[in-house]
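Structure first, then comments.
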Amino acid sequence: MPATPTTDPLQRERDHLAASRSALRAMREDVESLDIRNVTGTWVSAVILQNQIEARIAALADLSDTPLFFGRLDYLHAVSEELSEGGGGESFYIGRRHVHDADGDPMVIDWRAPVSQPFYRASRAEPMDVERRRRFGYTGGELTAYEDEHLTDPSEADTASALLAAEIEKPRVGPMRDIVATIQPEQDEIVRSDITGTICVQGAPGTGKTAVGLHRVAYLLYAHRERLARTGTLVIGPNNAFLSYIEQVLPALGELEVAQATVQQLVAHVEVRGEDDPEAARLKGDARMAEVLRRAVRAGITLPTEPCVVVRGSRRWRVPAYELAEIIEELKGRDIRYGAARDALPQRIAHAVLLKMEQGGEAPDDRVQDAVARNSAVKAVVKECWPAVDPAKLVLRLLSEPEFLAECAEGVLTAEEQQAVLWPKPGRSVKTARWTPADAVLVDEATDLVQRTPSLGHVVLDEAQDLSPMQYRAVGRRCTTGSATVLGDLAQGTTPWATASWPDALHHLGKPDAHVEELTKGFRVPEEVIAYASRLLPAIAPGLAPATSVRDAPGSLVIRPVTAWEDAVLDACREALKNEGSTGLIAADARIPRLAELLTAAGLPFLSPGTETSTEARLTLVPASLAKGLEYDYVVLDEPAAVIAGEPDERTGLRRLYVALTRAVSGLTVLHGEPLPEQLR
């Protein structure tokens, strides 16, 4: 006998979940069973096809604790063409990936598909033909609840979603999660922005700007997969701890091929072993250094004083010095890379020789021109007049030789600024020099002046407010023919060279026409905490709108003066760990070693930033310099005055403190033995 359909709505949804999981398993088995032995032409195509199959299998993985769908849309009218004539409505389950049954009919619709968009955008004011929006609640991977919004029913009260709030407030254990179930309308608008334009998101703490950027990548890969498969995508973060924290978001959405890097990893042409003082780092990051480097790269170009004489058989062909000079001047005036011009020079000289051959009655072809270009006399002219440039050696010379720097920086840097960027101790060689992070960016600029940097299709740049103009140029080189998503918060700029405005930053990035969006509605940080932190805004980012929070959590902020500092820290950590979820102990970098000793002696296991938490270890010891972009359910902030004092100036110190104050999702405890800054008193 056939099974009797259940009348319990929750059980029906559970049955659909079970059927969807079975369908996904069948889709995976279909791919696993593919036999490609008779469909590949060469071993190369076989390897490529096998890699594609393996990637598809990985993308179809069913993660037991990750729900296949999180919502359902019941349309008033049919969306599918084959059902539209019937006039009835149609329902779709919205999830992280597409799942279809054996007949090809959809059981779950990818959240990025156009038919899914009303799940994020529909409202009572604009229902978008949606009669009902249903949200699902899960415990682990088990469907445990649902709630409905009847968008076209005027009698239904407009209330906040309890399931939505529960998902946002779910304890943070492990790396960053995706937010596909909780994307808000203003976030969705950014996520689905067109690939042809660059967008900049100014987002206050807790507004989800990082998640928005990552989901935008996932959306673009869905909408423009072929294009981005050819050109590539890249996510750039401030440090490896941050990249470790976010690395699971895209794989959870089925996207496995997105590269991640820090700016320093992008420019790793030399081994970084030194540090600049703040003023030297600021000057090396100044956009004026691009002109200094351009001059340095071209400093070796000279005009010939002797003709070039090419011997071919019994005849000699002479290109006079003035004609060679005209060729070189013409190449100098063209907007092409130094290396490309150097490659073109022998061909241009050879072409001049061929013209003389033709005038002498010969009929040379292209093979003759190539042979002339390789002639020793031509190669000698190129070597003398347009010498090869090694970017690292060039920057080594620039930072080691005051006379060369003065020649290249004349009218660009003052004498005092030149002295500041010179190495205190000149480097002897590329391998032994104590390169700094800012030096590596200069080498990258010089490398691009010699040979164009390949461009990607799309780049996401997170925590962008901390980049110098030269670092923006380094990132911009990676997306000259592509687009970018720039994410940041001017109030969280914690470097001496932090950008003052997004138009300035976008200019240096090479994307001056980018659209700037501002997110001010917070979903992560409780209102009590963000309001407290926002007291710093007039001092650290005048004119920036303070964030508000949709989460009102009374008692989420505790300010505790302490005298017995060590005992107070341990007590606060133990108190926080009584709660479910993760705890972050954030402190000034200089105090981290002592705090590590205290925690170890007290038997409190702790992790380093970016390391995944577990049931055995839910406490992370976080240097203030690495806190940016991370989040914890509960935060214990140790001694704000020490955080401020750890920075080169008060404004940067207050910004670092602002970052530390806004890492908590459920509760923040501030411990201070010294007076708090006046803005927080």
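How things are named: the first chain in the structure tokens is A, the next is B, and so on; residues count from 1 in each chain; ligands count from 1 in the order shown.
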
**OP:** Determine, counting only C-alpha atoms, which protein, DNA and RNA residues have an atom within 10 Å of an atom of Ser549 (chain A); residues of the same chain fewer than 5 positions away are not included. Present the result as a ChimeraX atom specification.
**Re:** /A:205-207,520-531

**OP:** Find the spatial neighbours of region 386-392 of chain A, counting only C-alpha atoms, within a cut-off of 10 Å - ignore same-chain residues fewer than 2 positions away - and output them as a ChimeraX atom specification.
**Re:** /A:269-270,293,296-303,328,338-339,341-343,345,380-384,394-398,429-431,439-440,442-451

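One distance worth recording is that between CA of Arg97 (chain A) and CA of Thr611 (chain A), which is 27.4 Å.
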
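The nearest approach to Lys425 (chain A) among the residues A:Leu399, A:Ala352, A:Val201, A:Leu654, with only C-alpha atoms taken into account, belongs to A:Leu399.
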
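Counting only C-alpha atoms, region 282-289 of chain A has the following residues at most 8 Å away, ignoring those fewer than 5 positions along the same chain: Val412, Leu413, Glu417, Ala420, Val421, Ala438, Asp439, Leu442, Ser468, Pro469, Met470, Gln471, Pro496, Trp497 and His508 of chain A.
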
Keeping only N, CA, C and O atoms, take the residues you just selected and write them out as a PDB file, in the first residue's frame.
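What ended up in again_34.pdb:
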ATOM      1  N   VAL A 412      60.151  65.524  -6.510  1.00  0.00           N
ATOM      2  CA  VAL A 412      59.069  64.644  -6.060  1.00  0.00           C
ATOM      3  C   VAL A 412      59.113  64.483  -4.545  1.00  0.00           C
ATOM      4  O   VAL A 412      58.112  64.668  -3.854  1.00  0.00           O
ATOM      5  N   LEU A 413      60.284  64.132  -4.014  1.00  0.00           N
ATOM      6  CA  LEU A 413      60.477  64.006  -2.574  1.00  0.00           C
ATOM      7  C   LEU A 413      61.465  65.064  -2.109  1.00  0.00           C
ATOM      8  O   LEU A 413      62.440  65.364  -2.810  1.00  0.00           O
ATOM      9  N   GLU A 417      62.659  63.795   3.069  1.00  0.00           N
ATOM     10  CA  GLU A 417      61.909  62.578   2.749  1.00  0.00           C
ATOM     11  C   GLU A 417      62.806  61.536   2.100  1.00  0.00           C
ATOM     12  O   GLU A 417      62.684  60.331   2.380  1.00  0.00           O
ATOM     13  N   ALA A 420      64.651  59.811   4.738  1.00  0.00           N
ATOM     14  CA  ALA A 420      63.803  58.921   5.538  1.00  0.00           C
ATOM     15  C   ALA A 420      63.597  57.569   4.866  1.00  0.00           C
ATOM     16  O   ALA A 420      63.480  56.542   5.553  1.00  0.00           O
ATOM     17  N   VAL A 421      63.531  57.529   3.527  1.00  0.00           N
ATOM     18  CA  VAL A 421      63.264  56.258   2.854  1.00  0.00           C
ATOM     19  C   VAL A 421      64.532  55.456   2.590  1.00  0.00           C
ATOM     20  O   VAL A 421      64.459  54.250   2.322  1.00  0.00           O
ATOM     21  N   ALA A 438      56.978  47.370   3.090  1.00  0.00           N
ATOM     22  CA  ALA A 438      56.796  48.481   2.153  1.00  0.00           C
ATOM     23  C   ALA A 438      57.768  48.379   0.985  1.00  0.00           C
ATOM     24  O   ALA A 438      57.433  48.745  -0.145  1.00  0.00           O
ATOM     25  N   ASP A 439      58.986  47.874   1.225  1.00  0.00           N
ATOM     26  CA  ASP A 439      59.955  47.677   0.142  1.00  0.00           C
ATOM     27  C   ASP A 439      59.430  46.681  -0.874  1.00  0.00           C
ATOM     28  O   ASP A 439      59.598  46.853  -2.088  1.00  0.00           O
ATOM     29  N   LEU A 442      57.244  48.204  -3.324  1.00  0.00           N
ATOM     30  CA  LEU A 442      57.999  48.972  -4.318  1.00  0.00           C
ATOM     31  C   LEU A 442      58.563  48.053  -5.388  1.00  0.00           C
ATOM     32  O   LEU A 442      58.558  48.392  -6.585  1.00  0.00           O
ATOM     33  N   SER A 468      48.074  51.377   2.039  1.00  0.00           N
ATOM     34  CA  SER A 468      48.725  52.598   1.568  1.00  0.00           C
ATOM     35  C   SER A 468      48.389  52.800   0.094  1.00  0.00           C
ATOM     36  O   SER A 468      47.953  51.865  -0.589  1.00  0.00           O
ATOM     37  N   PRO A 469      48.587  54.003  -0.436  1.00  0.00           N
ATOM     38  CA  PRO A 469      48.361  54.213  -1.873  1.00  0.00           C
ATOM     39  C   PRO A 469      49.136  53.233  -2.749  1.00  0.00           C
ATOM     40  O   PRO A 469      48.608  52.738  -3.753  1.00  0.00           O
ATOM     41  N   MET A 470      50.378  52.917  -2.388  1.00  0.00           N
ATOM     42  CA  MET A 470      51.156  51.981  -3.191  1.00  0.00           C
ATOM     43  C   MET A 470      50.597  50.562  -3.100  1.00  0.00           C
ATOM     44  O   MET A 470      50.658  49.792  -4.070  1.00  0.00           O
ATOM     45  N   GLN A 471      50.031  50.207  -1.944  1.00  0.00           N
ATOM     46  CA  GLN A 471      49.390  48.897  -1.825  1.00  0.00           C
ATOM     47  C   GLN A 471      48.107  48.848  -2.655  1.00  0.00           C
ATOM     48  O   GLN A 471      47.806  47.818  -3.275  1.00  0.00           O
ATOM     49  N   PRO A 496      49.462  54.042  10.130  1.00  0.00           N
ATOM     50  CA  PRO A 496      49.727  55.484   9.984  1.00  0.00           C
ATOM     51  C   PRO A 496      49.354  56.013   8.605  1.00  0.00           C
ATOM     52  O   PRO A 496      49.140  57.211   8.444  1.00  0.00           O
ATOM     53  N   TRP A 497      49.282  55.122   7.617  1.00  0.00           N
ATOM     54  CA  TRP A 497      48.974  55.543   6.244  1.00  0.00           C
ATOM     55  C   TRP A 497      47.532  55.193   5.858  1.00  0.00           C
ATOM     56  O   TRP A 497      47.181  55.223   4.688  1.00  0.00           O
ATOM     57  N   HIS A 508      43.597  55.515  -6.254  1.00  0.00           N
ATOM     58  CA  HIS A 508      44.860  54.780  -6.275  1.00  0.00           C
ATOM     59  C   HIS A 508      44.655  53.347  -6.759  1.00  0.00           C
ATOM     60  O   HIS A 508      45.561  52.761  -7.369  1.00  0.00           O
TER      61      HIS A 508
END

**OP:** Enumerate, as a PyMOL selection string, the complete set of residues in region 200-432 of chain A that a backbone-based DSSP assignment places in strand (DSSP E or B).
**Re:** chain A and resi 200-203+233-237+259-262+272+308-312+315-319

Subject >> Distance in Å - CA of Trp423 (chain A) versus CA of Ser400 (chain A) >> reply: 6.0 Å

Original post:
So which residues touch Gly493 (chain A) within 9 Å, counting only C-alpha atoms, skipping near sequence neighbours fewer than 5 positions away, as an MDAnalysis selection string?
Top reply: chainID A and resid 463:467 488 498:500 540 652 655:656

Using the selection just defined, write its residues with all heavy atoms as a CSV table (one decimal), in the first residue's frame.
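Ended up saving to out20.csv:
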chain,number,residue,atom,x,y,z
A,463,GLU,N,39.1,44.8,4.5
A,463,GLU,CA,39.8,45.7,5.4
A,463,GLU,C,40.7,46.6,4.6
A,463,GLU,O,41.9,46.9,4.9
A,463,GLU,CB,40.7,44.8,6.4
A,463,GLU,CG,39.9,43.9,7.3
A,463,GLU,CD,38.9,44.6,8.2
A,463,GLU,OE1,39.0,45.8,8.4
A,463,GLU,OE2,38.1,43.9,8.8
A,464,ALA,N,40.1,47.2,3.6
A,464,ALA,CA,40.8,48.0,2.6
A,464,ALA,C,41.3,49.3,3.2
A,464,ALA,O,42.2,50.0,2.7
A,464,ALA,CB,40.0,48.2,1.4
A,465,GLN,N,40.7,49.8,4.3
A,465,GLN,CA,41.0,51.1,4.8
A,465,GLN,C,42.5,51.2,5.3
A,465,GLN,O,43.0,52.3,5.4
A,465,GLN,CB,40.1,51.5,6.0
A,465,GLN,CG,40.3,50.7,7.3
A,465,GLN,CD,39.7,49.3,7.3
A,465,GLN,OE1,38.9,49.0,6.4
A,465,GLN,NE2,40.1,48.5,8.2
A,466,ASP,N,43.1,50.0,5.5
A,466,ASP,CA,44.5,50.0,6.1
A,466,ASP,C,45.6,50.1,5.0
A,466,ASP,O,46.8,50.1,5.4
A,466,ASP,CB,44.7,48.8,7.0
A,466,ASP,CG,44.2,49.0,8.4
A,466,ASP,OD1,44.1,50.2,8.8
A,466,ASP,OD2,43.9,48.0,9.1
A,467,LEU,N,45.2,50.1,3.8
A,467,LEU,CA,46.2,50.0,2.7
A,467,LEU,C,46.8,51.4,2.4
A,467,LEU,O,46.1,52.4,2.5
A,467,LEU,CB,45.6,49.4,1.4
A,467,LEU,CG,45.7,47.9,1.3
A,467,LEU,CD1,45.0,47.2,2.4
A,467,LEU,CD2,45.2,47.4,-0.1
A,488,GLY,N,35.5,47.9,3.7
A,488,GLY,CA,36.2,48.4,4.8
A,488,GLY,C,35.4,49.4,5.7
A,488,GLY,O,34.2,49.6,5.5
A,498,ALA,N,46.7,54.9,6.8
A,498,ALA,CA,45.3,54.5,6.5
A,498,ALA,C,44.6,55.6,5.7
A,498,ALA,O,44.8,56.8,5.9
A,498,ALA,CB,44.5,54.2,7.8
A,499,THR,N,43.8,55.1,4.8
A,499,THR,CA,43.1,56.1,3.9
A,499,THR,C,42.2,57.0,4.6
A,499,THR,O,41.5,56.6,5.6
A,499,THR,CB,42.4,55.3,2.8
A,499,THR,OG1,41.9,56.2,1.8
A,499,THR,CG2,41.2,54.6,3.3
A,500,ALA,N,42.1,58.2,4.1
A,500,ALA,CA,41.3,59.3,4.7
A,500,ALA,C,39.9,59.3,4.1
A,500,ALA,O,38.9,59.7,4.7
A,500,ALA,CB,41.9,60.6,4.6
A,540,ILE,N,38.0,59.6,15.9
A,540,ILE,CA,38.7,58.7,15.0
A,540,ILE,C,38.2,58.8,13.5
A,540,ILE,O,39.0,58.5,12.6
A,540,ILE,CB,38.7,57.2,15.4
A,540,ILE,CG1,37.3,56.7,15.4
A,540,ILE,CG2,39.4,57.1,16.8
A,540,ILE,CD1,37.2,55.2,15.8
A,652,THR,N,45.5,56.5,16.0
A,652,THR,CA,45.6,55.1,15.6
A,652,THR,C,45.3,54.2,16.8
A,652,THR,O,44.7,53.1,16.6
A,652,THR,CB,47.0,54.8,15.1
A,652,THR,OG1,47.3,55.7,14.0
A,652,THR,CG2,47.1,53.3,14.5
A,655,ARG,N,41.6,54.0,17.3
A,655,ARG,CA,41.0,53.2,16.2
A,655,ARG,C,41.2,51.7,16.5
A,655,ARG,O,40.3,50.9,16.3
A,655,ARG,CB,41.6,53.6,14.9
A,655,ARG,CG,41.1,54.9,14.3
A,655,ARG,CD,41.7,55.2,13.0
A,655,ARG,NE,41.0,56.3,12.3
A,655,ARG,CZ,41.2,56.6,11.0
A,655,ARG,NH1,42.2,56.0,10.3
A,655,ARG,NH2,40.5,57.6,10.5
A,656,ARG,N,42.4,51.4,17.0
A,656,ARG,CA,42.7,50.0,17.4
A,656,ARG,C,41.7,49.6,18.5
A,656,ARG,O,41.2,48.5,18.5
A,656,ARG,CB,44.1,49.8,17.8
A,656,ARG,CG,44.5,48.4,18.1
A,656,ARG,CD,44.7,47.6,16.9
A,656,ARG,NE,45.9,48.0,16.2
A,656,ARG,CZ,46.2,47.5,15.0
A,656,ARG,NH1,45.4,46.7,14.3
A,656,ARG,NH2,47.4,47.9,14.4

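Remark: for Leu661 (chain A), the closest of the candidate residues A:Ile592, A:Leu585, A:Leu544, A:Ile183 is A:Leu585 (distances computed over only C-alpha atoms).
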
**OP:** From the DSSP assignment of the backbone, select every residue of region 74-315 of chain A that is alpha helix (DSSP H), and format the answer as a PyMOL selection string.
**Re:** chain A and resi 81-84+118-121+162-168+185-191+209-223+225-231+240-246+249-252+263-266+278-284+288-298

**OP:** Tell me, as a list of chain:residue names, which residues lie within 9 Å of Ile349 (chain A), counting only C-alpha atoms; anything in the same chain fewer than 2 positions away does not count.
**Re:** A:Cys308, A:Val319, A:Leu324, A:Ile327, A:Ala344, A:Leu345, A:Pro346, A:Gln347, A:His351, A:Ala352, A:Val353, A:Leu354, A:Val372, A:Ala373, A:Val378

**OP:** May I have the residues within 6 Å of region 116-128 of chain A as a PyMOL selection string, using only C-alpha atoms and disregarding those fewer than 5 positions away in the same chain?
**Re:** chain A and resi 111+151+185

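Between Pro154 (chain A) and the candidates A:Glu131, A:Asp15, A:Arg618, A:Arg21, the tightest atom-to-atom separation, counting only C-alpha atoms, involves A:Glu131.
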